[in-house]
Amino acid sequence: MVHIAVFASGAGTNARKILTYFEGSPEVQIGLIVTNRKDALVLRTAEEKGIPALLLDRSSFYDSKTILGVLGKHSIDLIVLAGFLWLIPAYLVKNYNRRIVNIHPALLPKHGGKGMYGHHVHEAVLEEGDKESGITIHLIDEHYDRGQILFQAKCPVEANDTPETLAQRVQQLEHLYYAQIIEQYIKEGNASALFKNQLS
Ligand code: GAR
């Protein structure tokens, strides 16, 4: 069994899709939800689905390594970022090397980096006059949006798009692909013994 922790800061629609996708899976379990916002909707989803949740505060995340203990307690093998907006600290990247996956609502390396999230990304795509946008699913390193790309999917940018209409089109791709690509990455990881801390 591979145990996933889903980190989310916002609406948590991707987190919800991922939870639903793996519900009842004999191979993958969502063992923990982590958020940095006490009003994050993902906390409600966690409660509804009976999944343990952790509310992070900035100082414990960056100045201490208490989260490692929590992740260990829940036997977490893989961290999935689903709209989690804090930079992942180096100690966590090191401990979960190649085991932190992120989704970005544009075609990296374009429109990534600090401050590029949600509507800011779609506004930048429209301002630049790009003809297409999409999603990028990638591994995390210590820099925003720069780790190895696992998957991209594209959609057109229409002439009359607003950040909202473009966001909807991109979100459809996220909901369609993120869980599938996680599942595929886990299969590859199992084959290459990436998840060697599995306890059950
Ligand atoms: C998603 O569109 C995701 O790609 C984006 O946050 C949104 C979260 O939506 N992430 C970033 O912009 C990361 N730089 P959700 O809370 O509804 O899943």
# chains A, B, ... in the order shown; residues from 1 in each chain; ligands from 1

$ select_by_dssp --residues "range 68-185 of chain A" --states "strand (DSSP E)" --output "PyMOL selection string"
chain A and resi 78-81+100-104+132-139+149-156

$ write_last_selection --atoms "C-alpha atoms" --output "mmCIF file, in the first residue's frame"
data_model
loop_
_atom_site.group_PDB
_atom_site.id
_atom_site.type_symbol
_atom_site.label_atom_id
_atom_site.label_comp_id
_atom_site.auth_asym_id
_atom_site.auth_seq_id
_atom_site.Cartn_x
_atom_site.Cartn_y
_atom_site.Cartn_z
ATOM 1 C CA LEU A 78 4.167 10.332 -1.465
ATOM 2 C CA ILE A 79 3.163 13.977 -1.058
ATOM 3 C CA VAL A 80 0.685 15.369 -3.572
ATOM 4 C CA LEU A 81 0.373 19.150 -3.778
ATOM 5 C CA ILE A 100 6.523 15.232 -4.022
ATOM 6 C CA VAL A 101 4.258 15.897 -7.007
ATOM 7 C CA ASN A 102 2.659 19.226 -7.936
ATOM 8 C CA ILE A 103 0.131 20.467 -10.453
ATOM 9 C CA HIS A 104 0.452 23.869 -12.105
ATOM 10 C CA GLU A 132 -2.671 27.691 -25.838
ATOM 11 C CA SER A 133 -2.445 26.910 -22.149
ATOM 12 C CA GLY A 134 -2.879 23.754 -20.111
ATOM 13 C CA ILE A 135 -1.557 21.886 -17.115
ATOM 14 C CA THR A 136 1.809 20.652 -15.920
ATOM 15 C CA ILE A 137 2.260 17.834 -13.432
ATOM 16 C CA HIS A 138 5.795 17.812 -12.118
ATOM 17 C CA LEU A 139 8.121 16.771 -9.315
ATOM 18 C CA ILE A 149 7.961 17.498 -15.682
ATOM 19 C CA LEU A 150 5.964 14.243 -15.631
ATOM 20 C CA PHE A 151 3.034 15.235 -17.830
ATOM 21 C CA GLN A 152 1.482 18.136 -19.706
ATOM 22 C CA ALA A 153 -1.896 18.531 -21.402
ATOM 23 C CA LYS A 154 -2.911 21.491 -23.556
ATOM 24 C CA CYS A 155 -6.074 23.425 -24.268
ATOM 25 C CA PRO A 156 -6.721 26.342 -26.601
#

$ residues_near_ligand --ligand "ligand 1" --cutoff "6 Å" --atoms "only C-alpha atoms and all ligand atoms" --output "count of residues only"
15

$ residues_around --residues "range 53-66 of chain A" --least-positions-apart "3" --cutoff "8 Å" --atoms "only C-alpha atoms" --output "list in words"
Leu32, Ile33, Val34, Thr35, Asn36, Arg37, Lys38, Leu43, Ala46, Glu47, Gly69, Val70, Pro89 and Tyr91 of chain A

$ atom_distance --atom1 "CA of Leu194 in chain A" --atom2 "CA of Leu87 in chain A"
23.1 Å

$ atom_distance --atom1 "CA of Arg16 in chain A" --atom2 "CA of Gln29 in chain A"
13.4 Å

$ closest_residue --among "A:Lys110, A:Arg169, A:Arg44, A:Arg98" --to "Ile186 in chain A" --atoms "only C-alpha atoms"
A:Arg98

$ select_by_dssp --residues "range 52-116 of chain A" --states "alpha helix (DSSP H)" --output "number ranges by chain"
A: 58-63, 66-73, 90-95

$ write_last_selection --atoms "N, CA, C and O atoms" --output "JSON list (two decimals), in the first residue's frame"
[["chain", "number", "residue", "atom", "x", "y", "z"],
["A", 58, "ARG", "N", 3.16, 28.54, 9.87],
["A", 58, "ARG", "CA", 4.37, 28.83, 9.11],
["A", 58, "ARG", "C", 5.65, 28.48, 9.87],
["A", 58, "ARG", "O", 6.56, 27.88, 9.33],
["A", 59, "SER", "N", 5.67, 28.86, 11.17],
["A", 59, "SER", "CA", 6.93, 28.65, 11.88],
["A", 59, "SER", "C", 7.22, 27.16, 12.09],
["A", 59, "SER", "O", 8.36, 26.73, 11.93],
["A", 60, "SER", "N", 6.18, 26.38, 12.37],
["A", 60, "SER", "CA", 6.50, 24.96, 12.57],
["A", 60, "SER", "C", 6.88, 24.32, 11.24],
["A", 60, "SER", "O", 7.69, 23.40, 11.20],
["A", 61, "PHE", "N", 6.34, 24.83, 10.14],
["A", 61, "PHE", "CA", 6.67, 24.23, 8.83],
["A", 61, "PHE", "C", 8.10, 24.56, 8.41],
["A", 61, "PHE", "O", 8.81, 23.71, 7.91],
["A", 62, "TYR", "N", 8.50, 25.83, 8.65],
["A", 62, "TYR", "CA", 9.82, 26.24, 8.16],
["A", 62, "TYR", "C", 10.94, 26.11, 9.21],
["A", 62, "TYR", "O", 12.09, 25.88, 8.86],
["A", 63, "ASP", "N", 10.59, 26.29, 10.49],
["A", 63, "ASP", "CA", 11.65, 26.35, 11.49],
["A", 63, "ASP", "C", 11.87, 25.04, 12.24],
["A", 63, "ASP", "O", 12.92, 24.83, 12.83],
["A", 66, "THR", "N", 8.76, 19.23, 12.56],
["A", 66, "THR", "CA", 7.73, 18.38, 13.20],
["A", 66, "THR", "C", 6.87, 17.65, 12.16],
["A", 66, "THR", "O", 6.39, 16.56, 12.42],
["A", 67, "ILE", "N", 6.73, 18.27, 10.99],
["A", 67, "ILE", "CA", 5.88, 17.61, 9.98],
["A", 67, "ILE", "C", 6.45, 16.24, 9.57],
["A", 67, "ILE", "O", 5.69, 15.33, 9.25],
["A", 68, "LEU", "N", 7.76, 16.13, 9.61],
["A", 68, "LEU", "CA", 8.35, 14.83, 9.23],
["A", 68, "LEU", "C", 7.83, 13.73, 10.17],
["A", 68, "LEU", "O", 7.55, 12.61, 9.73],
["A", 69, "GLY", "N", 7.72, 14.07, 11.46],
["A", 69, "GLY", "CA", 7.20, 13.10, 12.43],
["A", 69, "GLY", "C", 5.76, 12.72, 12.11],
["A", 69, "GLY", "O", 5.38, 11.55, 12.17],
["A", 70, "VAL", "N", 4.98, 13.73, 11.74],
["A", 70, "VAL", "CA", 3.56, 13.46, 11.43],
["A", 70, "VAL", "C", 3.46, 12.60, 10.18],
["A", 70, "VAL", "O", 2.69, 11.63, 10.12],
["A", 71, "LEU", "N", 4.24, 12.95, 9.16],
["A", 71, "LEU", "CA", 4.20, 12.16, 7.91],
["A", 71, "LEU", "C", 4.64, 10.73, 8.19],
["A", 71, "LEU", "O", 4.06, 9.77, 7.68],
["A", 72, "GLY", "N", 5.66, 10.59, 9.05],
["A", 72, "GLY", "CA", 6.16, 9.26, 9.41],
["A", 72, "GLY", "C", 5.10, 8.46, 10.15],
["A", 72, "GLY", "O", 4.88, 7.28, 9.87],
["A", 73, "LYS", "N", 4.42, 9.14, 11.07],
["A", 73, "LYS", "CA", 3.38, 8.47, 11.86],
["A", 73, "LYS", "C", 2.28, 7.90, 10.96],
["A", 73, "LYS", "O", 1.73, 6.83, 11.22],
["A", 90, "ALA", "N", 13.48, 22.93, 2.08],
["A", 90, "ALA", "CA", 14.52, 22.02, 1.56],
["A", 90, "ALA", "C", 14.55, 20.69, 2.32],
["A", 90, "ALA", "O", 14.75, 19.64, 1.72],
["A", 91, "TYR", "N", 14.35, 20.73, 3.65],
["A", 91, "TYR", "CA", 14.43, 19.47, 4.41],
["A", 91, "TYR", "C", 13.36, 18.47, 3.96],
["A", 91, "TYR", "O", 13.59, 17.27, 3.94],
["A", 92, "LEU", "N", 12.21, 19.01, 3.56],
["A", 92, "LEU", "CA", 11.12, 18.13, 3.13],
["A", 92, "LEU", "C", 11.40, 17.58, 1.72],
["A", 92, "LEU", "O", 11.18, 16.40, 1.44],
["A", 93, "VAL", "N", 11.94, 18.44, 0.87],
["A", 93, "VAL", "CA", 12.32, 18.00, -0.48],
["A", 93, "VAL", "C", 13.35, 16.88, -0.37],
["A", 93, "VAL", "O", 13.29, 15.87, -1.08],
["A", 94, "LYS", "N", 14.30, 17.07, 0.56],
["A", 94, "LYS", "CA", 15.38, 16.08, 0.72],
["A", 94, "LYS", "C", 14.82, 14.75, 1.23],
["A", 94, "LYS", "O", 15.14, 13.68, 0.71],
["A", 95, "ASN", "N", 13.96, 14.82, 2.23],
["A", 95, "ASN", "CA", 13.40, 13.59, 2.80],
["A", 95, "ASN", "C", 12.43, 12.90, 1.86],
["A", 95, "ASN", "O", 12.24, 11.69, 1.94]]

$ closest_residue --among "A:Glu48, A:Glu27, A:Glu164, A:Asp141" --to "Ile4 in chain A" --atoms "only C-alpha atoms"
A:Glu27

$ residues_around --residues "Val28 in chain A" --least-positions-apart "4" --cutoff "9 Å" --atoms "only C-alpha atoms" --output "list in words"
Met1, Val2, His3, Ile4, Phe22, Glu23, Gly24, Glu183 and Ile186 of chain A

$ atom_distance --atom1 "CA of Val42 in chain A" --atom2 "CA of Ala8 in chain A"
6.9 Å

$ residues_around --residues "range 18-21 of chain A" --least-positions-apart "6" --cutoff "8 Å" --atoms "only C-alpha atoms" --output "JSON, numbers by chain"
{"A": [30, 178, 179]}

$ write_last_selection --atoms "C-alpha atoms" --output "PDB file, in the first residue's frame"
ATOM      1  CA  ILE A  30      -4.938   8.910   1.142  1.00  0.00           C
ATOM      2  CA  TYR A 178      -4.107  14.529 -12.028  1.00  0.00           C
ATOM      3  CA  ALA A 179      -5.223  11.352 -10.236  1.00  0.00           C
TER       4      ALA A 179
END

$ closest_residue --among "A:Ala159, A:Ile140, A:Ala5, A:Ala167" --to "Ala106 in chain A" --atoms "only C-alpha atoms"
A:Ala167

$ closest_residue --among "A:Gly115, A:Pro163, A:Gly147, A:Pro26" --to "Glu127 in chain A" --atoms "only C-alpha atoms"
A:Pro163
